[in-house]
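Asks: The structure follows.
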Amino acid sequence: MVKNKKQLGIIISGVMIILLLLVIVFLEMKKGDKDGGAIPPNDFVPEYLEENDVPASTNWEEDEFRQVVPDGVVVPEPGEQITEELKDVIAVPTDVVPTSQDSKSNIRKFEIRGEGNKFIPSQIIVNYNDDIQIEITAVDKDYDLVLQGYNMRQNIPQGMTKNLSFQAYNEGRFLYYCDSCGGKEAGAFGEIVVVK
């Protein structure tokens with residue numbers, strides 16, 4: 001009987017530890033839901049707008065893949081110096097070329113990599129109507145980049161570099177993610193910010 005009580009005590013202790021761990025995991029998941037898996041404000045993309053602070057010129061509705069761009073966004077230029085803490089966040093274009101003499105739009109070229117189950121750098125900031133060319137390299141495994149706001153997907157096998165090209169004809173903050181990595185919930189996400 002003493003042996004049974006001891007075993008029962010061990011079982012109850014184990015169940016309590018498991019329940020405590022489940023509560024901690026649940027609270028962390030809820031904490032992650034509050035920020036929506038978003039990239040935090042930084043020197044280039046400031047604080048998010050409040051829900052009731054959407055500009056009157058916005059004629060589209062936000063969803064989980066497209067958000068309003070706050071005022072004061074800075075579009076990086078080639079050679080821009082990025083602080084050490086933002087190097088994995090802000091993508092600096094490798095090249096910016098005018099599309100024509102009379103046009104205000106540019107071709108902006110970026111290089112990002114899939115590594116460690118995330119995209120580095122993760123935030124690409126461009127001007128409205130720019131032609132965007134992104135070279136994506138899968139360093140440690142196969143990645144895919146899904147950009148639902150533009151209905152695009154690119155699969156990148158490990159060790160390969162693939163291109164994703166499009167014209168930034170819609171303004172907003174567009175979430176992209178690696179579906180095969182577990183999506184934005186797994187941390188494999190970024191955003192393309194199109195400033196009008």
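Order determines the names: the first chain of the structure tokens is A, the second B, and so forth; residues in each chain are numbered 1 upward, and ligands are numbered 1 upward as they are shown.
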Near segment 97-101 of chain A, within 9 Å and counting only C-alpha atoms, which residues show up once chain neighbours fewer than 5 positions away are dropped, as an NGL selection string?

Replies: :A and (106-109 or 130-131)

Asks: Could you write out, as a count of residues only, all the residues of segment 56-180 of chain A that DSSP marks as strand (DSSP E or B)?

Replies: 58

Asks: One decimal, in Å: what's the spacing between atom CA of Ile39 of chain A and atom CA of Glu191 of chain A?

Replies: 7.7 Å

Asks: Can you pull out every residue within 9 Å of Leu86 of chain A, counting only C-alpha atoms, but drop anything in the same chain fewer than 3 positions away, and send it as a VMD selection string?

Replies: chain A and resid 42 to 43 82 to 83 89 to 90 121

Asks: Determine which residues of segment 16-184 of chain A DSSP labels as alpha helix (DSSP H) from the backbone of this structure, then write them out as a list of chain:residue names.

Replies: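 Taking segment 16-184 of chain A and keeping alpha helix (DSSP H) only, one gets A:Met16, A:Ile17, A:Ile18, A:Leu19, A:Leu20, A:Leu21, A:Leu22, A:Val23, A:Ile24, A:Val25, A:Phe26, A:Leu27, A:Glu28, A:Met29, A:Lys30, A:Lys31, A:Gly32, A:Asp33, A:Lys34, A:Asp35.
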
Asks: Those residues you just picked out, can you put them in a file as a PDB file, in the first residue's frame with C-alpha atoms?

Replies:
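Result file follows (selection_7.pdb):
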ATOM      1  CA  MET A  16       0.637  18.506 -12.566  1.00  0.00           C
ATOM      2  CA  ILE A  17       3.938  19.267 -14.346  1.00  0.00           C
ATOM      3  CA  ILE A  18       2.383  18.426 -17.724  1.00  0.00           C
ATOM      4  CA  LEU A  19      -0.619  20.664 -16.999  1.00  0.00           C
ATOM      5  CA  LEU A  20       1.677  23.505 -15.926  1.00  0.00           C
ATOM      6  CA  LEU A  21       3.685  23.164 -19.160  1.00  0.00           C
ATOM      7  CA  LEU A  22       0.484  23.163 -21.229  1.00  0.00           C
ATOM      8  CA  VAL A  23      -0.685  26.365 -19.527  1.00  0.00           C
ATOM      9  CA  ILE A  24       2.689  28.022 -20.228  1.00  0.00           C
ATOM     10  CA  VAL A  25       2.570  26.960 -23.903  1.00  0.00           C
ATOM     11  CA  PHE A  26      -1.027  28.197 -24.209  1.00  0.00           C
ATOM     12  CA  LEU A  27      -0.132  31.585 -22.691  1.00  0.00           C
ATOM     13  CA  GLU A  28       2.860  31.971 -25.038  1.00  0.00           C
ATOM     14  CA  MET A  29       0.652  31.148 -28.035  1.00  0.00           C
ATOM     15  CA  LYS A  30      -1.899  33.764 -26.935  1.00  0.00           C
ATOM     16  CA  LYS A  31       0.920  36.287 -26.481  1.00  0.00           C
ATOM     17  CA  GLY A  32       2.090  35.566 -30.052  1.00  0.00           C
ATOM     18  CA  ASP A  33      -1.475  36.005 -31.349  1.00  0.00           C
ATOM     19  CA  LYS A  34      -1.650  39.553 -29.941  1.00  0.00           C
ATOM     20  CA  ASP A  35       1.111  40.826 -32.214  1.00  0.00           C
TER      21      ASP A  35
END

Asks: Excluding Val92 of chain A and any residue of its chain fewer than 5 positions from it, enumerate the residues within 9 Å of it, using only C-alpha atoms, and give them as a list in words.

Replies: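 Contacts, in chain order: Val75, Pro76, Glu77, Pro78, Gly79, Glu80, Gln81, Ile82, Lys87, Lys109, Phe110, Glu111, Pro121, Ile124 and Ile125 of chain A.
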
Asks: Measuring between only C-alpha atoms, which one of A:Val139, A:Leu175, A:Gly14, A:Lys196 shows the shortest distance to Asn151 of chain A?

Replies: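 For Asn151 of chain A, the nearest of the given residues is A:Leu175.
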
Asks: So, counting only C-alpha atoms, which residue among A:Ala91, A:Val195, A:Val45, A:Ala188 is closest to Asp144 of chain A?

Replies: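 Once distances to Asp144 of chain A are computed over only C-alpha atoms, the minimum belongs to A:Ala188.
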
Asks: Out of A:Gly172, A:Pro40, A:Pro93, A:Gly182, which residue has the shortest atom-to-atom distance to Pro70 of chain A when counting only C-alpha atoms?

Replies: A:Gly172

Asks: A:Ile120, A:Met152, A:Cys181, A:Ile112: which is nearest Thr137 of chain A, counting only C-alpha atoms?

Replies: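 Nearest candidate to Thr137 of chain A out of A:Ile120, A:Met152, A:Cys181, A:Ile112: A:Ile112.
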
Asks: Quick one: of A:Asn129, A:Gln67, A:Asn117, A:Gln167, who's nearest to Ser103 of chain A, counting only C-alpha atoms?

Replies: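 That would be A:Asn129, the residue with the smallest distance to Ser103 of chain A.
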
Asks: Taking only C-alpha atoms into account, name the residue in A:Lys6, A:Arg66, A:Arg173, A:Lys141 that is nearest to Val126 of chain A.

Replies: A:Arg173

Asks: In Å, with one decimal, what is the gap from atom CA of Gly187 of chain A to atom CA of Lys118 of chain A?

Replies: 6.2 Å

Asks: Rounded to one decimal, what separation in Å do you get between atom CA of Glu85 of chain A and atom CA of Gly72 of chain A?

Replies: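 Here the two named atoms are 20.1 Å from each other.
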